[in-house]
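J.: First the structure, then my questions, so here it is.
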Amino acid sequence: MHPEGVREAGLEGSFSRQTVLSLVIFAVAWQTLSYLAPTLGIPAFAIPSFARIGQSLLTITPVDVIVTLARVIGALILSFVLGLALATAMYRSASLESYLHPMIRLLMAVPVVSWILFAVLWFRGVEFRIAFVLIAVCGPVFLVDSLDALRGVSRELRGMVRSFRPTTLQYFAKLMLPAILPNLITSWKINLSLAIRVVTIAELVGAVSGIGHQLAVAQELFSVADVFAWTLVLVILLFLLEAVITRVERRLLRWRP
Amino acid sequence: MSAPKNGAMNGAMNDPPPIEVRALRKVFRQTTSGRSVVAIAGLDLDIAPREVVAIVGQTGCGKSTFFDLMIGLEQPTGGSIVIGGKTPYGDFDHFRGEIATVFQQDRLLPWRSALDNVRLPLELIRLPEGEQHKRSLHWLERLGLGNFVSAYPHELSGGMRQRVAIARAFAVQPSILLADEAFGHLDEVTAAELRETFLALARECGSTAILITHQLEEAIAVGDRIVVLGKSAKLLADIHVARWSKGDYRILREAIQATLQSNERDARLVG
């Protein structure tokens with residue numbers, strides 16, 4: 001085997017061992033702390049045991065998970081379509097870009113909490129509020145990433161394709177979209193973790209369903225075990241979605257060396 | 001002329017149109033300084049159907065600008081290029097499938113296999129799927145890449161990639177083929193081999209071929225005619241190679257070299 005291959009395999013192996021070890025250390029520390037909590041003067045509910053968290057996990061309602069998932073995916077698809085369409089328009093029109101660019105920068109500087117407050121003050125429907133917040137946060141990320149990627153398409157390739165005289169649609173379908181695909185996938189990965197965090201906060205404030213709402217209920221009941229369980233579900237959900245994107249990425253970008 | 005060509009795989013079906021270049025002028029404005037740079041200052045040139053013309057000149061003489069104007073990617077500042085009564089810039093779509101190019105770098109799309117790269121221009125002229133596949137495969141086989149149809153560009157050598165680029169150009173059965181320093185970056189043996197293949201195919205297909213090069217050897221080896229350009233694409237010489245016997249090629253090369261050097265000196269004096 002190539003020496004570098006041995007090194008890579010070794011590093012990968014030790015990394016995964018470290019991960020497992022650190023998780024075990026955390027679990028043992030948590031369980032010990034949970035056991036010692038009463039003697040340390042900490043209320044028992046503050047650091048629940050894994051058995052108690054397990055009980056909470058059994059009460060997880062799949063419908064809330066599905067609702068959150070649907071909100072995230074729906075809003076991400078909308079943000080993606082809007083972001084890409086606007087980026088394409090800005091790429092094609094320098095004057096449109098000069099008008100929209102400062103506005104996009106402004107939107108990206110607005111904190112998530114402000115978007116949530118605007119949504120609550122401006123709109124009535126819960127779904128609309130959540131979609132608005134998610135699109136306001138994720139849309140500009142898709143837009144900026146797509147625009148940068150479009151600008152980065154090699155001048156040589158653009159010249160080559162144009163020399164064969166494509167229609168505008170063919171030009172984008174055969175060259176620009178495949179060329180920016182790697183950037184779009186990276187953008188999806190970034191936005192996915194962003195959307196999961198933002199949707200939770202949005203649901204926490206104004207929804208009557210979804211993981212964020214369940215976290216709010218757990219907080220009202222002072223149930224740290226429930227908070228832990230729902231958080232665990234969120235993290236697993238994120239990992240699963242990332243795994244799906246990675247699989248799609250491997251398939252779509254199989255041409256990469 | 002823009003209708004998809006479904007005919008025989010090896011040849012342009014009709015006579016290619018003549019090319020008339022009249023008082024062609026291209027001026028660029030530098031973005032930073034705002035200064036105007038004259039790339040082409042009034043070029044006149046006629047190219048007959050099926051002629052193989054090598055355009056030779058030193059770096060920065062306006063050869064590549066002429067190439068871009070011929071493809072129709074740039075608009076002339078003055079004068080005209082007329083191909084069969086149409087202009088490549090003004091009648092851009094008219095030349096779809098009629099003009100094909102081979103560039104200095106292969107410019108293959110990295111996400112497409114060799115076959116799909118050759119297929120690209122055929123997709124653009126909307127040839128039926130089956131015909132696209134058949135024709136792409138045919139041209140890859142003609143270029144000796146029958147065993148590499150599924151290979152991605154990064155899996156091929158530089159010479160093989162340029163072969164794919166040549167196959168891509170011939171696949172549309174163009175009336176006019178343009179090559180911009182297409183063999184200059186390859187090693188001598190590969191370049192000579194590819195040049196020969198390119199020339200043989202161009203003659204077989206009956207296309208008009210314009211090769212832009214800065215290598216005199218290449219120009220003499222391929223051209224029916226050698227057009228020598230000086231600074232700002234000033235026409236220095238228009239040589240019909242057939243009128244020279246092979247034994248006199250050395251004299252021809254030296255004469256072209258002397259012309260180019262004298263033009264360079266004059267340009268420096270004027271500058």
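Residues in the structure tokens are named by chain (A, B, ... in the order shown) and by number from 1 within that chain; ligands are numbered from 1 in the order shown.
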Identify every residue of chain B that has at least one atom within 9 Å of any atom of chain A, counting only C-alpha atoms, and report the result as a ChimeraX atom specification.

T.: /B:68,71-73,92-93,95-103,105,107-113,120-121,123-125,152-155

J.: Excluding same-chain residues fewer than 6 positions from region 227-240 of chain A, what lies within 8 Å of it counting only C-alpha atoms, as a tab-separated table (two decimals) with N, CA and C atoms, in the first residue's frame?

T.:
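See result.tsv below for the written result:
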chain	number	residue	atom	x	y	z
A	53	ILE	N	-33.74	9.74	30.38
A	53	ILE	CA	-33.73	10.29	29.01
A	53	ILE	C	-34.31	9.25	28.04
A	54	GLY	N	-33.98	7.98	28.31
A	54	GLY	CA	-34.52	6.88	27.49
A	54	GLY	C	-36.04	6.87	27.53
A	56	SER	N	-37.94	9.42	28.07
A	56	SER	CA	-38.39	10.57	27.27
A	56	SER	C	-38.34	10.26	25.78
A	57	LEU	N	-37.28	9.55	25.39
A	57	LEU	CA	-37.15	9.21	23.97
A	57	LEU	C	-38.33	8.35	23.50
A	60	ILE	N	-41.30	10.40	22.28
A	60	ILE	CA	-41.14	11.26	21.09
A	60	ILE	C	-42.30	11.01	20.12
A	192	LEU	N	-28.56	23.46	5.41
A	192	LEU	CA	-29.32	22.43	6.11
A	192	LEU	C	-29.13	22.57	7.62
A	193	SER	N	-27.89	22.68	8.06
A	193	SER	CA	-27.66	22.81	9.51
A	193	SER	C	-28.19	24.14	10.01
A	196	ILE	N	-32.08	23.81	10.28
A	196	ILE	CA	-32.50	22.99	11.43
A	196	ILE	C	-32.46	23.83	12.71
A	211	ILE	N	-40.65	20.08	16.47
A	211	ILE	CA	-39.67	19.80	17.53
A	211	ILE	C	-39.47	21.04	18.42
A	214	GLN	N	-42.19	21.24	20.89
A	214	GLN	CA	-42.02	20.23	21.94
A	214	GLN	C	-40.92	20.63	22.92
A	215	LEU	N	-39.92	21.33	22.41
A	215	LEU	CA	-38.86	21.82	23.31
A	215	LEU	C	-39.43	22.88	24.25
A	218	ALA	N	-41.36	21.12	26.89
A	218	ALA	CA	-40.43	20.50	27.85
A	218	ALA	C	-39.88	21.55	28.81
A	219	GLN	N	-39.64	22.73	28.28
A	219	GLN	CA	-39.11	23.81	29.12
A	219	GLN	C	-40.14	24.24	30.17

J.: Please provide as a ChimeraX atom specification all residues within 12 Å of Ala255 (chain B), with the sequence filter that same-chain residues fewer than 6 positions apart are discarded (counting only C-alpha atoms).

T.: /B:216,228,236-237,239,248-249,261-262

J.: Work out how far apart CA of Asp64 (chain A) and CA of Thr246 (chain A) are and give it in Å to one decimal.

T.: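 Separation of CA of Asp64 (chain A) and CA of Thr246 (chain A): 25.1 Å.
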